[in-house]
$ cat upload-v8.cif   # mmCIF, C-alpha atoms
data_query
loop_
_atom_site.group_PDB
_atom_site.id
_atom_site.type_symbol
_atom_site.label_atom_id
_atom_site.label_comp_id
_atom_site.auth_asym_id
_atom_site.auth_seq_id
_atom_site.Cartn_x
_atom_site.Cartn_y
_atom_site.Cartn_z
ATOM 1 C CA MET A 27 6.076 2.310 18.764
ATOM 2 C CA SER A 28 5.243 -0.602 16.481
ATOM 3 C CA ASP A 29 7.810 -3.093 15.286
ATOM 4 C CA TRP A 30 8.989 -3.490 11.723
ATOM 5 C CA ILE A 31 7.274 -6.455 10.033
ATOM 6 C CA GLU A 32 9.243 -8.421 7.453
ATOM 7 C CA VAL A 33 7.080 -8.643 4.337
ATOM 8 C CA ILE A 34 8.969 -10.281 1.488
ATOM 9 C CA ASP A 35 12.405 -10.651 -0.076
ATOM 10 C CA GLN A 36 13.266 -7.484 -1.958
ATOM 11 C CA ASN A 37 13.748 -9.416 -5.210
ATOM 12 C CA ALA A 38 10.611 -11.571 -4.845
ATOM 13 C CA LEU A 39 8.062 -8.838 -5.607
ATOM 14 C CA ALA A 40 8.017 -8.035 -9.316
ATOM 15 C CA GLU A 41 7.892 -4.462 -10.514
ATOM 16 C CA GLY A 42 4.256 -3.389 -10.685
ATOM 17 C CA GLY A 43 3.289 -6.148 -8.259
ATOM 18 C CA ASN A 44 1.868 -6.006 -4.779
ATOM 19 C CA ILE A 45 1.332 -8.191 -1.759
ATOM 20 C CA VAL A 46 -1.118 -7.766 1.120
ATOM 21 C CA VAL A 47 0.226 -8.422 4.622
ATOM 22 C CA ASP A 48 -1.022 -8.094 8.171
ATOM 23 C CA VAL A 49 0.751 -5.301 10.045
ATOM 24 C CA ASP A 50 -0.361 -5.129 13.673
ATOM 25 C CA GLY A 51 -3.891 -6.231 12.706
ATOM 26 C CA THR A 52 -4.199 -3.978 9.647
ATOM 27 C CA ASP A 53 -4.207 -5.243 6.058
ATOM 28 C CA VAL A 54 -1.454 -3.374 4.237
ATOM 29 C CA ALA A 55 -0.781 -3.469 0.494
ATOM 30 C CA VAL A 56 2.911 -3.237 -0.383
ATOM 31 C CA PHE A 57 3.739 -2.190 -3.953
ATOM 32 C CA ASN A 58 6.899 -2.311 -6.052
ATOM 33 C CA ILE A 59 6.933 0.688 -8.390
ATOM 34 C CA GLU A 60 10.090 1.019 -10.482
ATOM 35 C CA GLY A 61 12.115 -0.763 -7.811
ATOM 36 C CA GLU A 62 10.848 1.417 -4.950
ATOM 37 C CA PHE A 63 8.498 0.009 -2.322
ATOM 38 C CA TYR A 64 5.406 1.744 -0.959
ATOM 39 C CA ALA A 65 2.751 0.651 1.530
ATOM 40 C CA ILE A 66 -0.844 1.778 1.985
ATOM 41 C CA GLU A 67 -3.746 0.417 3.970
ATOM 42 C CA ASP A 68 -5.666 -2.095 1.848
ATOM 43 C CA VAL A 69 -8.952 -0.210 2.035
ATOM 44 C CA CYS A 70 -10.763 2.197 -0.259
ATOM 45 C CA THR A 71 -11.850 5.177 1.815
ATOM 46 C CA HIS A 72 -14.964 5.526 -0.342
ATOM 47 C CA ASP A 73 -16.689 2.322 0.792
ATOM 48 C CA GLY A 74 -14.252 0.292 2.887
ATOM 49 C CA ALA A 75 -13.573 -2.366 0.238
ATOM 50 C CA GLU A 76 -10.110 -3.799 -0.368
ATOM 51 C CA ILE A 77 -8.112 -1.957 -3.011
ATOM 52 C CA ALA A 78 -5.007 -4.063 -3.727
ATOM 53 C CA SER A 79 -6.734 -6.063 -6.469
ATOM 54 C CA GLY A 80 -7.371 -2.871 -8.443
ATOM 55 C CA GLU A 81 -5.434 -1.889 -11.541
ATOM 56 C CA LEU A 82 -2.093 -0.153 -10.970
ATOM 57 C CA VAL A 83 -1.470 2.613 -13.520
ATOM 58 C CA GLY A 84 1.859 4.323 -12.949
ATOM 59 C CA ASP A 85 1.778 5.194 -9.261
ATOM 60 C CA GLU A 86 -2.034 5.150 -8.988
ATOM 61 C CA ILE A 87 -4.237 2.294 -7.805
ATOM 62 C CA ILE A 88 -7.785 2.207 -9.171
ATOM 63 C CA CYS A 89 -10.429 0.827 -6.828
ATOM 64 C CA PRO A 90 -11.977 -2.252 -8.456
ATOM 65 C CA ARG A 91 -15.454 -1.390 -7.132
ATOM 66 C CA HIS A 92 -16.189 2.235 -8.015
ATOM 67 C CA GLY A 93 -13.066 3.543 -9.773
ATOM 68 C CA ALA A 94 -11.699 5.892 -7.120
ATOM 69 C CA ARG A 95 -7.989 6.505 -7.644
ATOM 70 C CA PHE A 96 -5.244 6.906 -5.081
ATOM 71 C CA CYS A 97 -1.529 7.677 -5.282
ATOM 72 C CA VAL A 98 0.295 4.647 -3.909
ATOM 73 C CA LYS A 99 3.273 6.822 -2.918
ATOM 74 C CA THR A 100 1.274 9.242 -0.748
ATOM 75 C CA GLY A 101 -2.179 7.716 -0.246
ATOM 76 C CA ALA A 102 -3.740 10.898 -1.690
ATOM 77 C CA VAL A 103 -7.000 10.707 -3.613
ATOM 78 C CA THR A 104 -6.477 11.480 -7.302
ATOM 79 C CA ALA A 105 -10.059 10.847 -8.526
ATOM 80 C CA PRO A 106 -13.464 10.495 -6.851
ATOM 81 C CA PRO A 107 -15.761 9.066 -5.659
ATOM 82 C CA ALA A 108 -13.326 8.896 -2.700
ATOM 83 C CA TYR A 109 -12.357 12.135 -0.985
ATOM 84 C CA GLU A 110 -10.280 10.888 1.966
ATOM 85 C CA ALA A 111 -6.673 9.693 1.597
ATOM 86 C CA ILE A 112 -5.591 6.144 2.381
ATOM 87 C CA ALA A 113 -3.159 5.692 5.279
ATOM 88 C CA CYS A 114 0.485 5.224 4.211
ATOM 89 C CA PHE A 115 3.083 3.226 6.109
ATOM 90 C CA PRO A 116 6.876 3.519 6.329
ATOM 91 C CA VAL A 117 8.832 0.984 4.287
ATOM 92 C CA ARG A 118 12.496 0.072 4.529
ATOM 93 C CA ILE A 119 14.867 -2.517 3.105
ATOM 94 C CA GLU A 120 16.994 -4.397 5.643
ATOM 95 C CA ASN A 121 19.327 -7.208 4.560
ATOM 96 C CA GLY A 122 17.401 -7.691 1.315
ATOM 97 C CA LYS A 123 14.008 -7.876 3.074
ATOM 98 C CA VAL A 124 11.146 -5.406 2.628
ATOM 99 C CA GLN A 125 9.863 -4.291 6.013
ATOM 100 C CA VAL A 126 6.793 -2.229 6.967
ATOM 101 C CA ARG A 127 5.470 -0.808 10.205
ATOM 102 C CA ASP A 128 2.343 0.986 11.368
ATOM 103 C CA SER A 129 3.556 4.343 12.641
ATOM 104 C CA ARG A 130 0.104 5.892 13.164
ATOM 105 C CA TRP A 131 0.182 5.366 16.927
ATOM 106 C CA ASP A 132 3.793 6.399 17.599
#
$ encode --input "upload-v8.cif" --output "structure tokens"
Amino acid sequence: MSDWIEVIDQNALAEGGNIVVDVDGTDVAVFNIEGEFYAIEDVCTHDGAEIASGELVGDEIICPRHGARFCVKTGAVTAPPAYEAIACFPVRIENGKVQVRDSRWD
């Protein structure tokens, strides 16, 4: 089981903002959407490019390269050219800190 990684102070990430962190060797984009925190792997499943710099519209991130869309809350594809979901990661708040872990290998 992987450990929880402290990402940022809960109040330091503005609503609609994101930060990319290393979680056990994987780049993970953590988003603040309406005060709730979500984490997905920072990779577009269409071509392997980073996705965190894309435009966030509601709870969807738009890939800056080819326009694929993904739900930040679930990782699900919402518009092609991607057809495979992005991996999601558990997020929790402990003592005012946002924490993430990679649970794929548990």
$ residues_around --input "upload-v8.cif" --residues "Gly74 of chain A" --least-positions-apart "4" --cutoff "12 Å" --atoms "only C-alpha atoms" --output "ChimeraX atom specification"
/A:53,67-70,89-92,94,108,110,112
$ closest_residue --input "upload-v8.cif" --among "A:Ile66, A:Ile59, A:Val54, A:Val126" --to "Glu41 of chain A" --atoms "all atoms listed in the file"
A:Ile59
$ residues_around --input "upload-v8.cif" --residues "Thr104 of chain A" --least-positions-apart "4" --cutoff "8 Å" --atoms "only C-alpha atoms" --output "list in words"
Glu86, Ala94, Arg95, Phe96 and Cys97 of chain A
$ residues_around --input "upload-v8.cif" --residues "Glu60 of chain A" --least-positions-apart "2" --cutoff "9 Å" --atoms "only C-alpha atoms" --output "list in words"
Glu41, Gly42, Asn58, Glu62 and Phe63 of chain A
$ resolve_selection --input "upload-v8.cif" --expression "the PyMOL selection byres ((chain A and resi 30) around 10)" --output "VMD selection string"
chain A and resid 27 to 29 31 to 33 49 to 50 116 to 118 124 to 129
$ write_last_selection --input "upload-v8.cif" --atoms "C-alpha atoms" --output "CSV table (one decimal), in the coordinates of the input"
chain,number,residue,atom,x,y,z
A,27,MET,CA,6.1,2.3,18.8
A,28,SER,CA,5.2,-0.6,16.5
A,29,ASP,CA,7.8,-3.1,15.3
A,31,ILE,CA,7.3,-6.5,10.0
A,32,GLU,CA,9.2,-8.4,7.5
A,33,VAL,CA,7.1,-8.6,4.3
A,49,VAL,CA,0.8,-5.3,10.0
A,50,ASP,CA,-0.4,-5.1,13.7
A,116,PRO,CA,6.9,3.5,6.3
A,117,VAL,CA,8.8,1.0,4.3
A,118,ARG,CA,12.5,0.1,4.5
A,124,VAL,CA,11.1,-5.4,2.6
A,125,GLN,CA,9.9,-4.3,6.0
A,126,VAL,CA,6.8,-2.2,7.0
A,127,ARG,CA,5.5,-0.8,10.2
A,128,ASP,CA,2.3,1.0,11.4
A,129,SER,CA,3.6,4.3,12.6
$ closest_residue --input "upload-v8.cif" --among "A:Glu76, A:Glu120, A:Asp85, A:Asp35" --to "Phe57 of chain A" --atoms "all atoms listed in the file"
A:Asp85
$ atom_distance --input "upload-v8.cif" --atom1 "atom CA of Val56 of chain A" --atom2 "atom CA of Pro107 of chain A"
23.0 Å
$ atom_distance --input "upload-v8.cif" --atom1 "atom CA of Ala75 of chain A" --atom2 "atom CA of Lys123 of chain A"
28.3 Å
$ residues_around --input "upload-v8.cif" --residues "Ala111 of chain A" --least-positions-apart "2" --cutoff "6 Å" --atoms "all atoms listed in the file" --output "list of chain:residue names"
A:Gly101, A:Ala102, A:Val103
$ write_last_selection --input "upload-v8.cif" --atoms "C-alpha atoms" --output "PDB file, in the frame of the given file"
ATOM      1  CA  GLY A 101      -2.179   7.716  -0.246  1.00  0.00           C
ATOM      2  CA  ALA A 102      -3.740  10.898  -1.690  1.00  0.00           C
ATOM      3  CA  VAL A 103      -7.000  10.707  -3.613  1.00  0.00           C
TER       4      VAL A 103
END
$ residues_around --input "upload-v8.cif" --residues "Gly122 of chain A" --least-positions-apart "3" --cutoff "9 Å" --atoms "only C-alpha atoms" --output "PyMOL selection string"
chain A and resi 34-37+119
$ atom_distance --input "upload-v8.cif" --atom1 "atom CA of Ala38 of chain A" --atom2 "atom CA of Arg130 of chain A"
27.2 Å
$ build_atoms --input "upload-v8.cif" --residues "segment 60-78 of chain A" --atoms "N, CA and C atoms" --output "mmCIF file, in the coordinates of the input"
data_model
loop_
_atom_site.group_PDB
_atom_site.id
_atom_site.type_symbol
_atom_site.label_atom_id
_atom_site.label_comp_id
_atom_site.auth_asym_id
_atom_site.auth_seq_id
_atom_site.Cartn_x
_atom_site.Cartn_y
_atom_site.Cartn_z
ATOM 1 N N GLU A 60 8.767 0.667 -9.949
ATOM 2 C CA GLU A 60 10.090 1.019 -10.482
ATOM 3 C C GLU A 60 11.199 0.759 -9.469
ATOM 4 N N GLY A 61 11.078 -0.366 -8.753
ATOM 5 C CA GLY A 61 12.115 -0.763 -7.811
ATOM 6 C C GLY A 61 12.030 -0.112 -6.443
ATOM 7 N N GLU A 62 11.073 0.784 -6.246
ATOM 8 C CA GLU A 62 10.848 1.417 -4.950
ATOM 9 C C GLU A 62 9.605 0.779 -4.324
ATOM 10 N N PHE A 63 9.601 0.662 -3.018
ATOM 11 C CA PHE A 63 8.498 0.009 -2.322
ATOM 12 C C PHE A 63 7.681 1.028 -1.536
ATOM 13 N N TYR A 64 6.347 0.856 -1.618
ATOM 14 C CA TYR A 64 5.406 1.744 -0.959
ATOM 15 C C TYR A 64 4.341 0.890 -0.281
ATOM 16 N N ALA A 65 3.764 1.411 0.799
ATOM 17 C CA ALA A 65 2.751 0.651 1.530
ATOM 18 C C ALA A 65 1.595 1.562 1.904
ATOM 19 N N ILE A 66 0.375 1.073 1.605
ATOM 20 C CA ILE A 66 -0.844 1.778 1.985
ATOM 21 C C ILE A 66 -1.803 0.783 2.623
ATOM 22 N N GLU A 67 -2.730 1.300 3.405
ATOM 23 C CA GLU A 67 -3.746 0.417 3.970
ATOM 24 C C GLU A 67 -4.584 -0.153 2.829
ATOM 25 N N ASP A 68 -4.912 -1.430 2.912
ATOM 26 C CA ASP A 68 -5.666 -2.095 1.848
ATOM 27 C C ASP A 68 -7.159 -1.851 2.033
ATOM 28 N N VAL A 69 -7.551 -0.575 1.891
ATOM 29 C CA VAL A 69 -8.952 -0.210 2.035
ATOM 30 C C VAL A 69 -9.234 1.053 1.214
ATOM 31 N N CYS A 70 -10.307 1.010 0.453
ATOM 32 C CA CYS A 70 -10.763 2.197 -0.259
ATOM 33 C C CYS A 70 -11.537 3.051 0.734
ATOM 34 N N THR A 71 -11.180 4.310 0.851
ATOM 35 C CA THR A 71 -11.850 5.177 1.815
ATOM 36 C C THR A 71 -13.244 5.577 1.358
ATOM 37 N N HIS A 72 -13.618 5.231 0.147
ATOM 38 C CA HIS A 72 -14.964 5.526 -0.342
ATOM 39 C C HIS A 72 -15.991 4.583 0.265
ATOM 40 N N ASP A 73 -15.679 3.261 0.286
ATOM 41 C CA ASP A 73 -16.689 2.322 0.792
ATOM 42 C C ASP A 73 -16.123 1.205 1.663
ATOM 43 N N GLY A 74 -14.841 1.271 1.984
ATOM 44 C CA GLY A 74 -14.252 0.292 2.887
ATOM 45 C C GLY A 74 -13.831 -1.014 2.244
ATOM 46 N N ALA A 75 -13.970 -1.142 0.939
ATOM 47 C CA ALA A 75 -13.573 -2.366 0.238
ATOM 48 C C ALA A 75 -12.053 -2.437 0.110
ATOM 49 N N GLU A 76 -11.550 -3.656 -0.128
ATOM 50 C CA GLU A 76 -10.110 -3.799 -0.368
ATOM 51 C C GLU A 76 -9.760 -3.101 -1.676
ATOM 52 N N ILE A 77 -8.508 -2.692 -1.810
ATOM 53 C CA ILE A 77 -8.112 -1.957 -3.011
ATOM 54 C C ILE A 77 -6.952 -2.608 -3.760
ATOM 55 N N ALA A 78 -6.226 -3.503 -3.118
ATOM 56 C CA ALA A 78 -5.007 -4.063 -3.727
ATOM 57 C C ALA A 78 -5.254 -4.812 -5.029
#
